[in-house]
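So the structure is just underneath, and the comments pick up after that.
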Amino acid sequence: GNSVTQMEGPVTLSEEAFLTINCTYTATGYPSLFWYVQYPGEGLQLLLKATKADDKGSNKGFEATYRKETTSFHLEKGSVQVSDSAVYFCALSDNQGAQKLVFGQGTRLTINP
Amino acid sequence: EAQVTQNPRYLITVTGKKLTVTCSQNMNHEYMSWYRQDPGLGLRQIYYSMNVEVTDKGDVPEGYKVSRKEKRNFPLILESPSPNQTSLYFCASSPFGTVYNEQFFGPGTRLTVL
């Protein structure tokens, strides 16, 4: 079945550092890929998405590129802020009837001033 | 404001005492879904509904029931809760028709079953 694997957390960085959170997936066909963010005490919010190979999703300074050859969708940001501290989830949708999102286990990110 | 609401936000109960977690959305979305979030496992889908009176099982449906009598509401029912259902629960909705659409999540319900 479909699955998503994220790098183990927690991740702790200093403000203005470069961020990479790795995400790889296993899926049949051509899934859509997503990054969701969960701030403390809140539900999940869509951060960015990509719907086909080589698409780049971007939002709030975050970027991720859909790499079909390496089955990856790594999240990057050039200069993180304290307000980026949250849990980040990589997810895929298999574009079939159930419209189900398959999530990775989540990566907790803490940014220190 | 477009949103998904859940109630209660926090609940502590005892084994076997039936409970219902409500979910409501004001965006006229056809699709609604329930997920549970557990440490190290991410979110897993419990049940989903593509429209009124249409529901189906997700990956972890055992011990749960749902109903979809109205488009805006999608309650999650635990007929006889057990400690392994202690978890953080999220309701989500999206317009149906394409999986590219964003799913909107509620704030979550933290359930503890003693």
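In the structure tokens, the first chain shown is A, the next is B, and so on; residue numbers restart at 1 for each chain, and ligands run from 1 in the order shown.
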
Report as a tab-separated table: every residue of chain A with an atom at most 7 Å from chain B, its closest pair of atoms, and their distance in Å to one decimal, counting only C-alpha atoms, with rows sorted by chain and ascending residue number.
residue	atom	partner	partner_atom	distance
A:Ser32	CA	B:Tyr100	CA	6.8
A:Glu42	CA	B:Pro107	CA	5.0
A:Gly43	CA	B:Pro107	CA	4.1
A:Leu44	CA	B:Phe105	CA	5.7
A:Gln45	CA	B:Phe105	CA	6.9
A:Leu46	CA	B:Glu102	CA	6.8
A:Thr51	CA	B:Tyr100	CA	6.9
A:Ser93	CA	B:Val99	CA	6.7
A:Asn95	CA	B:Val99	CA	5.5
A:Gln99	CA	B:Val99	CA	5.5
A:Phe103	CA	B:Gly42	CA	5.7
A:Gly104	CA	B:Gly42	CA	5.4
A:Gln105	CA	B:Gly42	CA	3.7
A:Gly106	CA	B:Gly42	CA	5.7

Which of segment 7-79 of chain A end up as strand (DSSP E) when DSSP is run on this backbone - answer as a ChimeraX atom specification?
/A:11-14,19-21,23-26,32-38,44-50,56-59,62-65,75-77

Write out the residues from the selection above, keeping N, CA and C atoms, as a CSV table (one decimal), in the first residue's frame.
chain,number,residue,atom,x,y,z
A,11,VAL,N,13.7,18.1,15.6
A,11,VAL,CA,14.7,18.9,14.9
A,11,VAL,C,14.8,20.3,15.6
A,12,THR,N,15.9,20.6,16.1
A,12,THR,CA,16.1,21.9,16.7
A,12,THR,C,17.2,22.7,16.0
A,13,LEU,N,16.8,24.0,15.6
A,13,LEU,CA,17.7,24.8,14.9
A,13,LEU,C,17.7,26.2,15.5
A,14,SER,N,18.7,27.0,15.2
A,14,SER,CA,18.8,28.4,15.6
A,14,SER,C,18.1,29.2,14.5
A,19,LEU,N,16.7,25.0,6.7
A,19,LEU,CA,15.9,23.9,7.1
A,19,LEU,C,15.7,22.9,6.0
A,20,THR,N,15.9,21.6,6.2
A,20,THR,CA,15.5,20.6,5.4
A,20,THR,C,14.8,19.5,6.2
A,21,ILE,N,13.6,19.1,5.8
A,21,ILE,CA,12.9,17.9,6.4
A,21,ILE,C,12.7,17.0,5.3
A,23,CYS,N,11.4,13.8,3.1
A,23,CYS,CA,10.1,13.0,3.0
A,23,CYS,C,10.3,12.1,1.7
A,24,THR,N,10.1,10.9,1.9
A,24,THR,CA,10.0,9.9,0.8
A,24,THR,C,8.7,9.2,0.8
A,25,TYR,N,8.3,8.7,-0.4
A,25,TYR,CA,7.0,8.1,-0.4
A,25,TYR,C,7.0,6.8,-1.3
A,26,THR,N,6.0,5.9,-1.0
A,26,THR,CA,5.8,4.8,-1.8
A,26,THR,C,4.4,4.8,-2.3
A,32,SER,N,-0.7,12.9,-5.5
A,32,SER,CA,-0.4,14.3,-5.2
A,32,SER,C,0.3,14.4,-3.8
A,33,LEU,N,1.2,15.3,-3.6
A,33,LEU,CA,2.0,15.4,-2.4
A,33,LEU,C,1.7,16.7,-1.7
A,34,PHE,N,1.8,16.6,-0.4
A,34,PHE,CA,1.4,17.8,0.5
A,34,PHE,C,2.4,17.9,1.7
A,35,TRP,N,2.5,19.1,2.1
A,35,TRP,CA,3.1,19.4,3.5
A,35,TRP,C,2.0,20.1,4.3
A,36,TYR,N,1.7,19.5,5.4
A,36,TYR,CA,0.8,20.2,6.4
A,36,TYR,C,1.6,20.6,7.6
A,37,VAL,N,1.2,21.7,8.3
A,37,VAL,CA,1.8,22.2,9.5
A,37,VAL,C,0.8,22.2,10.6
A,38,GLN,N,1.3,21.8,11.8
A,38,GLN,CA,0.4,21.8,13.0
A,38,GLN,C,1.1,22.7,14.0
A,44,LEU,N,-4.4,20.8,11.7
A,44,LEU,CA,-3.4,20.9,10.6
A,44,LEU,C,-3.9,21.9,9.5
A,45,GLN,N,-2.9,22.6,9.0
A,45,GLN,CA,-3.1,23.6,7.9
A,45,GLN,C,-2.2,23.2,6.7
A,46,LEU,N,-2.8,23.3,5.6
A,46,LEU,CA,-2.0,23.0,4.4
A,46,LEU,C,-0.9,24.1,4.2
A,47,LEU,N,0.3,23.6,4.1
A,47,LEU,CA,1.4,24.5,3.9
A,47,LEU,C,1.7,24.7,2.4
A,48,LEU,N,1.8,23.6,1.7
A,48,LEU,CA,2.1,23.6,0.2
A,48,LEU,C,1.7,22.3,-0.4
A,49,LYS,N,1.6,22.2,-1.7
A,49,LYS,CA,1.3,21.0,-2.4
A,49,LYS,C,1.9,21.0,-3.8
A,50,ALA,N,2.0,19.8,-4.4
A,50,ALA,CA,2.4,19.6,-5.7
A,50,ALA,C,1.7,18.4,-6.3
A,56,LYS,N,6.9,22.4,-8.2
A,56,LYS,CA,7.4,22.9,-6.9
A,56,LYS,C,6.3,23.7,-6.2
A,57,GLY,N,6.0,23.2,-5.0
A,57,GLY,CA,5.1,23.9,-4.2
A,57,GLY,C,5.8,24.9,-3.3
A,58,SER,N,5.2,26.1,-3.0
A,58,SER,CA,5.9,27.1,-2.2
A,58,SER,C,4.9,27.9,-1.4
A,59,ASN,N,5.3,28.3,-0.2
A,59,ASN,CA,4.4,29.1,0.6
A,59,ASN,C,5.2,29.6,1.9
A,62,PHE,N,8.7,28.5,2.5
A,62,PHE,CA,8.9,27.1,2.4
A,62,PHE,C,8.8,26.6,0.9
A,63,GLU,N,9.6,25.6,0.5
A,63,GLU,CA,9.5,25.0,-0.8
A,63,GLU,C,9.7,23.5,-0.7
A,64,ALA,N,9.0,22.8,-1.7
A,64,ALA,CA,9.3,21.4,-1.9
A,64,ALA,C,9.0,21.1,-3.3
A,65,THR,N,9.9,20.2,-3.9
A,65,THR,CA,9.8,19.8,-5.3
A,65,THR,C,9.4,18.3,-5.4
A,75,LEU,N,11.1,19.1,2.3
A,75,LEU,CA,10.7,20.5,2.6
A,75,LEU,C,11.9,21.3,3.0
A,76,GLU,N,12.0,22.5,2.4
A,76,GLU,CA,13.2,23.4,2.7
A,76,GLU,C,12.7,24.8,2.9
A,77,LYS,N,13.5,25.5,3.8
A,77,LYS,CA,13.4,26.9,4.0
A,77,LYS,C,14.7,27.5,4.2

Neighbouring residues of Asn22 of chain A were defined as those with any atom within 8 Å, considering only C-alpha atoms; residues of the same chain fewer than 4 positions away were excluded. Please report them as a list in words.
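Non-adjacent residues within range: Gln6, Met7, Ser72, Phe73, His74 and Leu75 of chain A.
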
With only C-alpha atoms as the basis for distance, which of B:Pro95, B:Pro75, B:Pro81, B:Gly63 is at the shortest distance from Gly16 of chain B?
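Closest to Gly16 of chain B of all the choices is B:Pro81.
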